[in-house]
Every structure is written in C-alpha cells, then in structure tokens.
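K.L.:
Got a file for you: entry14.txt, compact mmCIF, C-alpha atoms.
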```txt
# COMPACT_ATOMS: atom_id res chain seq x y z
CA MET A 7 123.71 109.64 112.35
CA LYS A 8 120.25 110.95 111.72
CA THR A 9 121.57 113.92 109.81
CA ALA A 10 123.18 111.68 107.27
CA ARG A 11 120.09 109.48 107.23
CA TYR A 12 117.75 112.31 106.34
CA VAL A 13 120.08 113.98 103.86
CA LEU A 14 120.77 110.62 102.27
CA LEU A 15 117.10 109.74 102.12
CA LEU A 16 116.26 112.91 100.21
CA ALA A 17 119.13 112.40 97.80
CA LEU A 18 118.19 108.82 97.11
CA ILE A 19 114.52 109.63 96.53
CA LEU A 20 115.67 111.89 93.71
CA LEU A 21 118.18 109.30 92.51
CA ILE A 22 116.04 106.20 92.35
CA ALA A 23 112.56 107.75 92.11
CA GLY A 24 111.04 105.91 95.00
CA GLY A 25 112.98 102.66 94.75
CA SER A 26 110.75 100.91 92.19
CA THR A 27 112.66 98.04 90.57
CA SER A 28 110.89 98.68 87.26
CA ILE A 29 113.08 101.72 86.54
CA PHE A 30 116.21 99.59 86.17
CA LYS A 31 117.26 98.04 82.87
CA ASN A 32 119.55 95.56 84.61
CA GLU A 33 117.94 92.16 83.99
CA LYS A 34 119.59 90.73 87.09
CA LEU A 35 117.02 92.61 89.14
CA VAL A 36 114.27 90.26 87.96
CA GLU A 37 116.18 87.01 87.93
CA ALA A 38 114.59 83.86 89.35
CA GLU A 39 114.65 83.31 93.07
CA ARG A 40 117.51 81.22 94.41
CA PRO A 41 118.30 80.11 97.96
CA VAL A 42 120.74 81.93 100.22
CA GLU A 43 123.76 79.84 101.20
CA GLU A 44 123.48 80.56 104.91
CA ASN A 45 126.48 78.50 106.05
CA ALA A 46 128.97 79.50 103.37
CA VAL A 47 131.71 81.93 104.42
CA PRO A 48 131.12 85.16 102.45
CA GLN A 49 133.65 85.80 99.71
CA ARG A 50 132.22 88.98 98.13
CA VAL A 51 131.22 91.48 100.81
CA LEU A 52 129.77 94.92 100.17
CA SER A 53 130.07 97.10 103.28
CA MET A 54 127.87 100.20 103.47
CA HIS A 55 129.02 100.95 107.03
CA PRO A 56 132.60 102.29 107.31
CA GLY A 57 132.88 101.23 110.94
CA VAL A 58 132.22 97.63 109.93
CA THR A 59 134.73 97.96 107.09
CA GLN A 60 137.33 98.95 109.68
CA LEU A 61 136.29 96.00 111.83
CA LEU A 62 136.68 93.57 108.93
CA LEU A 63 140.13 95.02 108.22
CA ALA A 64 141.10 94.64 111.88
CA LEU A 65 140.10 90.97 111.61
CA GLN A 66 142.32 90.58 108.51
CA LEU A 67 139.35 90.00 106.20
CA ASP A 68 140.50 92.44 103.51
CA ASP A 69 140.29 89.82 100.76
CA LYS A 70 136.57 89.29 101.42
CA ILE A 71 135.61 92.92 100.69
CA ILE A 72 134.71 93.69 97.08
CA ALA A 73 133.58 97.27 97.79
CA SER A 74 132.99 99.69 100.65
CA VAL A 75 131.70 103.18 101.25
CA ARG A 76 134.40 105.68 102.04
CA PRO A 77 135.36 106.31 105.68
CA TYR A 78 133.59 109.17 107.45
CA GLN A 79 136.99 110.71 108.13
CA LYS A 80 140.63 110.19 107.20
CA ILE A 81 142.14 107.11 108.85
CA GLU A 82 145.79 107.24 109.82
CA GLY A 83 148.42 104.53 109.71
CA GLU A 84 148.38 101.01 108.32
CA LEU A 85 144.63 100.62 108.69
CA GLY A 86 144.09 103.78 106.66
CA ARG A 87 146.39 102.52 103.91
CA ARG A 88 144.56 99.20 103.72
CA TYR A 89 141.18 100.95 103.70
CA GLY A 90 142.40 103.10 100.82
CA ASP A 91 143.46 99.99 98.91
CA LEU A 92 139.87 98.72 98.87
CA PRO A 93 137.52 99.39 95.92
CA LEU A 94 135.59 102.41 97.21
CA LEU A 95 132.13 103.40 96.04
CA GLN A 96 131.57 106.77 94.43
CA GLU A 97 128.47 107.36 96.56
CA ALA A 98 129.18 108.89 99.97
CA TYR A 99 126.73 106.75 101.96
CA THR A 100 124.58 104.33 99.95
CA PRO A 101 125.01 103.02 96.40
CA ALA A 102 122.20 102.81 93.87
CA ARG A 103 120.45 99.47 93.73
CA GLU A 104 121.72 98.82 90.24
CA THR A 105 125.29 99.39 91.40
CA VAL A 106 124.84 96.76 94.09
CA MET A 107 123.53 94.27 91.55
CA ASP A 108 126.47 94.91 89.23
CA LEU A 109 128.90 94.18 92.08
CA GLN A 110 127.31 90.73 92.59
CA PRO A 111 128.03 90.48 96.33
CA ASP A 112 127.18 87.43 98.38
CA LEU A 113 126.78 89.53 101.54
CA ILE A 114 125.64 93.14 102.01
CA ILE A 115 126.26 94.84 105.37
CA GLY A 116 124.62 98.15 106.20
CA TRP A 117 122.51 100.43 108.36
CA GLU A 118 118.88 99.50 109.02
CA HIS A 119 117.55 102.42 106.95
CA GLN A 120 119.60 101.36 103.91
CA PHE A 121 117.52 98.19 103.51
CA SER A 122 114.37 100.02 102.49
CA GLU A 123 112.50 100.49 99.23
CA THR A 124 113.69 104.10 99.04
CA GLU A 125 117.32 102.97 99.23
CA ILE A 126 118.80 99.63 98.07
CA GLY A 127 115.74 97.45 98.73
CA SER A 128 114.60 95.21 101.54
CA MET A 129 116.51 92.28 103.00
CA ASP A 130 113.89 89.99 101.48
CA PHE A 131 114.56 91.51 98.04
CA TRP A 132 118.22 90.48 98.26
CA ASN A 133 117.63 87.14 99.99
CA LYS A 134 115.36 86.09 97.11
CA ARG A 135 118.31 86.64 94.80
CA GLY A 136 120.62 84.48 96.87
CA ILE A 137 122.38 87.42 98.53
CA ARG A 138 122.60 87.66 102.28
CA ALA A 139 121.75 91.02 103.86
CA TYR A 140 122.91 91.96 107.34
CA ILE A 141 121.80 94.96 109.40
CA VAL A 142 124.42 96.22 111.84
CA PRO A 143 122.72 95.71 115.26
CA THR A 144 123.85 99.08 116.64
CA THR A 145 121.85 100.83 113.90
CA LEU A 146 118.49 99.25 114.74
CA GLN A 147 116.08 102.07 115.53
CA SER A 148 114.03 99.88 117.87
CA ALA A 149 117.08 99.08 120.00
CA HIS A 150 118.82 100.99 122.74
CA PRO A 151 122.25 99.78 121.65
CA THR A 152 124.90 99.01 124.24
CA VAL A 153 128.52 97.92 123.99
CA ARG A 154 127.91 94.59 125.74
CA GLY A 155 124.63 94.11 123.89
CA GLU A 156 124.36 95.07 120.24
CA PHE A 157 128.08 95.76 119.71
CA PHE A 158 129.06 92.36 121.09
CA ARG A 159 126.26 90.81 119.04
CA LEU A 160 127.86 92.32 115.92
CA LEU A 161 131.19 90.73 116.86
CA ASP A 162 129.51 87.36 117.51
CA ASP A 163 127.70 87.51 114.17
CA ILE A 164 130.86 88.47 112.24
CA GLY A 165 132.75 85.68 113.98
CA GLN A 166 130.12 83.14 113.01
CA MET A 167 129.68 84.36 109.43
CA PHE A 168 133.41 84.41 108.67
CA ASP A 169 134.37 81.45 110.88
CA CYS A 170 136.73 83.59 112.95
CA GLN A 171 135.17 83.28 116.41
CA GLU A 172 138.57 83.03 118.06
CA LYS A 173 139.49 86.49 116.76
CA THR A 174 136.15 88.10 117.61
CA ASN A 175 136.15 86.57 121.11
CA LEU A 176 139.62 88.01 121.67
CA TYR A 177 138.29 91.37 120.43
CA LYS A 178 135.47 91.21 122.98
CA ASP A 179 137.93 90.27 125.75
CA GLN A 180 140.05 93.32 124.92
CA ILE A 181 137.00 95.57 125.13
CA GLU A 182 135.98 94.10 128.50
CA GLN A 183 139.49 94.64 129.83
CA ARG A 184 139.45 98.28 128.73
CA ILE A 185 136.01 98.88 130.26
CA ASN A 186 137.15 97.34 133.55
CA ALA A 187 140.34 99.43 133.47
CA LEU A 188 138.43 102.73 133.45
CA PRO A 189 139.15 104.84 136.55
CA PRO A 190 136.45 104.66 139.22
CA VAL A 191 133.68 107.22 139.04
CA LYS A 192 133.55 109.43 142.14
CA GLU A 193 130.66 111.50 140.85
CA ARG A 194 128.67 110.83 137.72
CA LYS A 195 128.28 113.79 135.37
CA LYS A 196 125.22 115.00 133.49
CA VAL A 197 125.89 115.25 129.76
CA ILE A 198 124.22 116.05 126.48
CA ILE A 199 125.51 114.72 123.14
CA LEU A 200 125.15 117.61 120.74
CA GLN A 201 125.61 118.00 116.99
CA SER A 202 125.39 121.48 115.46
CA TYR A 203 124.68 122.30 111.81
CA GLY A 204 125.78 125.91 112.03
CA ASN A 205 122.36 127.28 111.08
CA GLY A 206 120.63 127.37 114.43
CA LYS A 207 119.61 123.72 114.18
CA TYR A 208 120.95 120.85 116.27
CA THR A 209 120.64 117.15 116.97
CA LEU A 210 120.53 115.85 120.53
CA TYR A 211 121.55 112.19 120.61
CA GLY A 212 119.49 109.87 122.80
CA ASN A 213 119.56 106.20 123.69
CA SER A 214 118.94 105.01 120.12
CA TYR A 215 122.66 105.52 119.46
CA LEU A 216 125.61 103.56 120.84
CA ILE A 217 127.27 106.81 121.99
CA ASP A 218 124.66 106.97 124.77
CA ASP A 219 126.00 103.75 126.32
CA ILE A 220 129.61 104.73 125.64
CA ALA A 221 129.03 107.93 127.62
CA ARG A 222 127.34 105.94 130.41
CA LEU A 223 130.27 103.53 130.70
CA ALA A 224 132.62 106.53 130.81
CA GLY A 225 130.74 108.03 133.78
CA GLY A 226 128.21 110.31 132.08
CA ASP A 227 124.43 110.26 132.32
CA ASN A 228 122.77 111.51 129.15
CA LEU A 229 119.99 113.97 129.93
CA VAL A 230 118.39 113.23 126.55
CA LYS A 231 116.47 109.97 126.34
CA ASN A 232 114.90 110.25 122.89
CA THR A 233 117.00 111.50 120.00
CA ALA A 234 115.79 114.85 118.68
CA SER A 235 116.96 115.92 115.22
CA PHE A 236 117.02 119.42 113.70
CA VAL A 237 115.82 121.07 116.89
CA SER A 238 116.10 124.75 117.79
CA ALA A 239 118.52 126.38 120.22
CA GLU A 240 115.62 126.81 122.63
CA GLN A 241 115.33 123.03 122.97
CA VAL A 242 119.07 122.69 123.58
CA LEU A 243 118.97 125.43 126.23
CA ALA A 244 116.29 123.48 128.11
CA TYR A 245 119.10 121.24 129.41
CA ASP A 246 121.76 122.11 131.97
CA PRO A 247 124.52 119.51 131.59
CA ASP A 248 127.83 119.39 133.41
CA PHE A 249 129.52 118.55 130.10
CA ILE A 250 128.69 118.80 126.41
CA LEU A 251 129.85 115.94 124.19
CA PHE A 252 130.20 117.82 120.92
CA VAL A 253 129.82 115.66 117.79
CA SER A 254 132.30 117.24 115.36
CA TYR A 255 132.74 116.77 111.64
CA PRO A 256 136.15 116.14 110.04
CA GLY A 257 138.59 119.03 109.80
CA ALA A 258 139.92 120.62 106.61
CA ASP A 259 142.42 117.77 106.13
CA GLY A 260 139.69 115.13 106.29
CA GLY A 261 140.84 113.88 109.69
CA SER A 262 139.25 114.38 113.09
CA MET A 263 138.75 117.99 114.10
CA LYS A 264 141.28 118.89 116.78
CA ASP A 265 139.89 119.22 120.30
CA GLU A 266 140.71 122.92 120.61
CA GLN A 267 139.20 123.63 117.19
CA ALA A 268 136.01 121.82 118.16
CA LYS A 269 135.73 123.73 121.43
CA GLU A 270 136.30 127.05 119.69
CA LYS A 271 133.72 126.22 117.04
CA LEU A 272 131.03 125.44 119.60
CA GLN A 273 131.89 128.41 121.79
CA GLN A 274 131.38 130.69 118.79
CA ASP A 275 127.78 129.51 118.47
CA LYS A 276 125.85 132.56 119.66
CA GLU A 277 122.55 130.67 119.74
CA ILE A 278 123.54 128.57 122.76
CA LYS A 279 126.32 130.67 124.33
CA SER A 280 124.38 130.97 127.59
CA LEU A 281 124.83 127.26 128.38
CA PRO A 282 126.88 127.13 131.62
CA ALA A 283 128.84 124.08 130.41
CA LEU A 284 129.86 125.99 127.30
CA LYS A 285 130.88 129.05 129.33
CA ASN A 286 132.89 126.86 131.69
CA ASP A 287 134.77 125.12 128.86
CA LYS A 288 133.23 121.76 129.75
CA ILE A 289 133.27 120.48 126.18
CA ILE A 290 134.52 117.09 125.03
CA ASN A 291 135.11 116.64 121.32
CA VAL A 292 133.58 113.38 120.03
CA PRO A 293 134.32 112.95 116.30
CA PHE A 294 131.37 111.91 114.12
CA ALA A 295 133.22 108.86 112.75
CA GLN A 296 133.86 107.46 116.23
CA VAL A 297 130.31 108.21 117.37
CA ASN A 298 129.15 106.01 114.47
CA GLY A 299 131.97 103.47 114.70
CA ALA A 300 131.78 99.69 114.96
CA ASP A 301 135.31 98.87 116.01
CA LEU A 302 137.83 99.73 118.72
CA SER A 303 137.66 103.43 117.82
CA SER A 304 134.40 103.52 119.79
CA ILE A 305 136.28 102.20 122.83
CA ASP A 306 139.01 104.78 122.26
CA LEU A 307 136.23 107.37 122.43
CA MET A 308 134.89 105.88 125.68
CA GLU A 309 138.33 106.27 127.29
CA LYS A 310 138.63 109.84 126.02
CA ILE A 311 135.23 110.76 127.48
CA ALA A 312 136.12 109.11 130.79
CA THR A 313 139.29 111.19 131.03
CA GLY A 314 137.46 114.37 130.08
CA LEU A 315 134.70 113.88 132.65
CA ARG A 316 137.29 113.51 135.40
CA ASP A 317 139.24 116.68 134.57
```
Would you mind writing the file's structure down as structure tokens?
P.N.:
Amino acid sequence: MKTARYVLLLALILLIAGGSTSIFKNEKLVEAERPVEENAVPQRVLSMHPGVTQLLLALQLDDKIIASVRPYQKIEGELGRRYGDLPLLQEAYTPARETVMDLQPDLIIGWEHQFSETEIGSMDFWNKRGIRAYIVPTTLQSAHPTVRGEFFRLLDDIGQMFDCQEKTNLYKDQIEQRINALPPVKERKKVIILQSYGNGKYTLYGNSYLIDDIARLAGGDNLVKNTASFVSAEQVLAYDPDFILFVSYPGADGGSMKDEQAKEKLQQDKEIKSLPALKNDKIINVPFAQVNGADLSSIDLMEKIATGLRD
C-alpha cells in the first residue's frame, strides 16, 4: 500500500504541521502519564486498518469497536452491513491525533507508518496515556510477511488480547486446510505484482507485502524482491513474467473491479503494451482491498491466483 502511504503522508503533513503536540488545544494531550492495563480485554477499539476491522467483525467483536476507517472497497452481504453499522471516521486512512484523543480508545490498531510523529504519534506517546497501541504485523516494513508467520501472529495476538483464542485458532485451522487443499503445482510461474497509476508510473510489489507470500503459496514466484514505488514503464519492462498480478482499484460502484474490466484497463496501457504476458492475456486481477487484507479475503485471493496460474 505504498501509494496510500505516501499520499497519506503528504496530506497529514499539511494537516497536522509535522505532528507537534503543541498545536493541539485538547488538554488531554498533555495529561499525566498513567499505566497501560496490559491484561484487560479492550472495550474501546479504534481500528485504522480495514482488514483488521473485518477480522474483528468475523470474530463477533463488533461491540468492542468504537470507530474504524472506511473499507477500501464496498463489502457485500452481512459483513458489509455490520461494517456499515460501525462509527466510521471521516478521514480516508488516518485520523488526526486530536480526533483519536477525543474518541478515548483503550486500544489503537493500525499500520506501522501510522504510529509516527507525522501521523497520530508514536506507540510510546499513547502508552504513556494509558492507551495500548498495536501495529499489524503484516505492515512492518522490516518484515517479509508470510501467511504462516506475521498473519498467524496477528491472529494469535488478537486471540490473546480479546480472550478468544478458541476462535482465532479455528480461524488458523481453516486457513491451513485451504492452503493444503490447493491443487498441486506442476510448474511454478514467474509473476510480477503490478499497480498502475495511469500516468506512466507504477508500483512493483516485493516481499515487504503479504501478497508476495500469497502468490508464492498459490504457485507463483515473484520476480521483484524489493518493492519499487512510482517507477517508470522502463523498469516494469525489465521483467518478463508468465503472469501479471494486476492490483486494481475499486470500480465505479465502490466494489471490486470486475476481472474483465481490470484486464481491459491494463491492456490499454500503451506504456507497457509490449509485455508478452499482457499480450497473451496472462493477467490476474487482484483487488487492492484484498492485497491489503487481514482476514479470509486474503485467502480467497490466494485461491483465485492459484486457479488463474493453472489456466
């Protein structure tokens, strides 16, 4: 999600003028330090990661959520209705620090970059005010996140924090069963995970994103090791993948872009039209929301990629 990270960072620099706490009039920002209640089950959760919000809903923890960012795309069915019933923040990605203080959460969950002085403040800032702060493990820039590693760690941590280990262990078991049920790989495929901005600039996802491991489990070997953001077409054309995993934005209705629409959109990109995989219609649509998910939608995506690589 580096696009969102950089766009968000610029917006927030303008919004909070560098993150200095002195610009806020809210006196709660300078209240005395108080200890964090580490063992208490959170009752007032602020989720700044929509994938985690969906996970909490799947675990029937709706009543613990006092506010959430909006989903990255429209969610269908019962889960979508319940998500819509939550108090949703006006900000698309990260609230202002003062907004967070006004909400008075006892637990904040978010991306690593959100706990910085240019965004809502460090984990230490919140811990000193008696508020737990939790970074979603799959967003750690120093990690090469995997499903069985950082994703399972997230489930273990949520299970421990909310005293629902039985549910999270069952969730992990379901994921293992679905991984093991994938059809055998006769020949692994070379892939790139590509996001296009429509202006001749692209992001190539590497192993700092969970989608890299999802593709690997599905039978694809990512040719890109280190994520490269806002690169030129020339850098994309340096690769010759068997398949392109195209990271698509939501369609006009707010839901996932349809597969045929995504293919057509990428094939209309004149900058990279010489890619053999593009010419040969070897494109798999991977919606942005699922690429940055933290629930079973990521496993749905793994199964979709596995099917596509075998066609």
K.L.:
How big is the axis-aligned box around all listed atoms of range 291-301 of chain A once 3 Å goes on each side, and where's its centre, in Å to one decimal, as lines of an AutoDock Vina configuration file?
P.N.:
```
center_x = 132.2
center_y = 107.8
center_z = 117.0
size_x = 12.2
size_y = 23.8
size_z = 14.6
```
K.L.:
Show which residues sit within 12 Å of Ile289 in chain A, as a ChimeraX atom specification. Count all atoms listed in the file, and ignore same-chain residues fewer than 3 positions away.
P.N.:
/A:197-200,247-254,265-273,281-286,292,310-311,314-315,317
K.L.:
I want to know what sits within 9 Å of range 58-62 of chain A, based on only C-alpha atoms, with residues of the same chain fewer than 2 positions away left out; could you give that as a PyMOL selection string?
P.N.:
chain A and resi 53-56+64-68+70-71+74-75+77+85-86+89+115-116+142+161+164+299-302
K.L.:
Return the single residue from A:Glu97, A:Leu52, A:Ala102, A:Lys276 that is closest to Glu123 in chain A, with distances computed using all atoms listed in the file.
P.N.:
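Among the listed residues, the smallest separation from Glu123 in chain A belongs to A:Ala102.
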K.L.:
So how many Å separate CA of Glu156 in chain A and CA of Thr144 in chain A, to one decimal?
P.N.:
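These atoms are spaced 5.4 Å apart.
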K.L.:
May I ask which of the residues A:Asp259, A:Leu210, A:Ala224, A:Asp112 is the closest one to Leu243 in chain A, counting only C-alpha atoms?
P.N.:
A:Leu210
K.L.:
For CA of Gly212 in chain A and CA of Asn175 in chain A, quote the distance in Å rounded to one decimal.
P.N.:
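Those two atoms sit 28.7 Å apart.
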K.L.:
Give me the residues within 9 Å of range 182-186 of chain A as number ranges by chain, counting all atoms listed in the file and dropping any in the same chain fewer than 2 places off.
P.N.:
A: 154, 177-180, 188-189, 223-224, 305, 308-309
K.L.:
Measure the distance from CA of Leu176 in chain A to CA of Phe158 in chain A in Å and round it to one decimal.
P.N.:
11.4 Å
K.L.:
Give me, as a list in words, all polymer residues having an atom no more than 8 Å from Val297 in chain A, counting all atoms listed in the file and skipping those fewer than 2 positions away in the same chain.
P.N.:
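Once the adjacent positions are removed, what remains is Leu216, Ile217, Val253, Val292, Pro293, Phe294, Ala295, Gly299, Ser304 and Leu307 of chain A.
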K.L.:
Keeping only C-alpha atoms, write the selected residues as a tab-separated table (two decimals), in the coordinates of the input.
P.N.:
```tsv
chain	number	residue	atom	x	y	z
A	216	LEU	CA	125.61	103.56	120.84
A	217	ILE	CA	127.27	106.81	121.99
A	253	VAL	CA	129.82	115.66	117.79
A	292	VAL	CA	133.58	113.38	120.03
A	293	PRO	CA	134.32	112.95	116.30
A	294	PHE	CA	131.37	111.91	114.12
A	295	ALA	CA	133.22	108.86	112.75
A	299	GLY	CA	131.97	103.47	114.70
A	304	SER	CA	134.40	103.52	119.79
A	307	LEU	CA	136.23	107.37	122.43
```
K.L.:
Dig up all the protein and nucleic acid residues within 8 Å of (117.6, 112.9, 123.4) in the file frame, using all atoms listed in the file, and format them as a ChimeraX atom specification.
P.N.:
/A:198,210-213,228-234
K.L.:
Give me a file of those residues, with C-alpha atoms, as a PDB file, keeping the file's coordinate frame.
P.N.:
```
ATOM      1  CA  ILE A 198     124.220 116.050 126.480  1.00  0.00           C
ATOM      2  CA  LEU A 210     120.530 115.850 120.530  1.00  0.00           C
ATOM      3  CA  TYR A 211     121.550 112.190 120.610  1.00  0.00           C
ATOM      4  CA  GLY A 212     119.490 109.870 122.800  1.00  0.00           C
ATOM      5  CA  ASN A 213     119.560 106.200 123.690  1.00  0.00           C
ATOM      6  CA  ASN A 228     122.770 111.510 129.150  1.00  0.00           C
ATOM      7  CA  LEU A 229     119.990 113.970 129.930  1.00  0.00           C
ATOM      8  CA  VAL A 230     118.390 113.230 126.550  1.00  0.00           C
ATOM      9  CA  LYS A 231     116.470 109.970 126.340  1.00  0.00           C
ATOM     10  CA  ASN A 232     114.900 110.250 122.890  1.00  0.00           C
ATOM     11  CA  THR A 233     117.000 111.500 120.000  1.00  0.00           C
ATOM     12  CA  ALA A 234     115.790 114.850 118.680  1.00  0.00           C
TER      13      ALA A 234
END
```
K.L.:
When distances are computed from all atoms listed in the file, which of A:Ala239, A:Leu113, A:Ala46, A:Leu146 shows the smallest separation from Tyr215 in chain A?
P.N.:
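Among A:Ala239, A:Leu113, A:Ala46, A:Leu146, it is A:Leu146 that comes nearest to Tyr215 in chain A.
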K.L.:
Could you give me, as a list in words, the residues that have an atom at most 12 Å away from the point (134.6, 105.9, 142.2) in the coordinates of the file, using all atoms listed in the file?
P.N.:
Leu188, Pro189, Pro190, Val191, Lys192, Glu193, Arg194, Ala224, Gly225, Ala312 and Arg316 of chain A
K.L.:
Please identify all polymer residues within 10 Å of Gln120 in chain A, counting only C-alpha atoms, omitting same-chain residues fewer than 5 positions from it, and present them as a list in words.
P.N.:
Arg11, Leu14, Leu15, Met54, His55, Tyr99, Thr100, Pro101, Ile115, Glu125, Ile126, Gly127, Ser128, Met129 and Ile141 of chain A
K.L.:
From the list A:Cys170, A:Val106, A:Phe157, A:Ser235, which residue is nearest Thr209 in chain A when using all atoms listed in the file?
P.N.:
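Going through A:Cys170, A:Val106, A:Phe157, A:Ser235 one by one, the smallest distance to Thr209 in chain A is for A:Ser235.
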K.L.:
Calculated over all atoms listed in the file, which of the candidates A:Ile181, A:Glu84, A:Arg222, A:Asp227 has the smallest distance to Ser303 in chain A?
P.N.:
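Closest to Ser303 in chain A of all the choices is A:Ile181.
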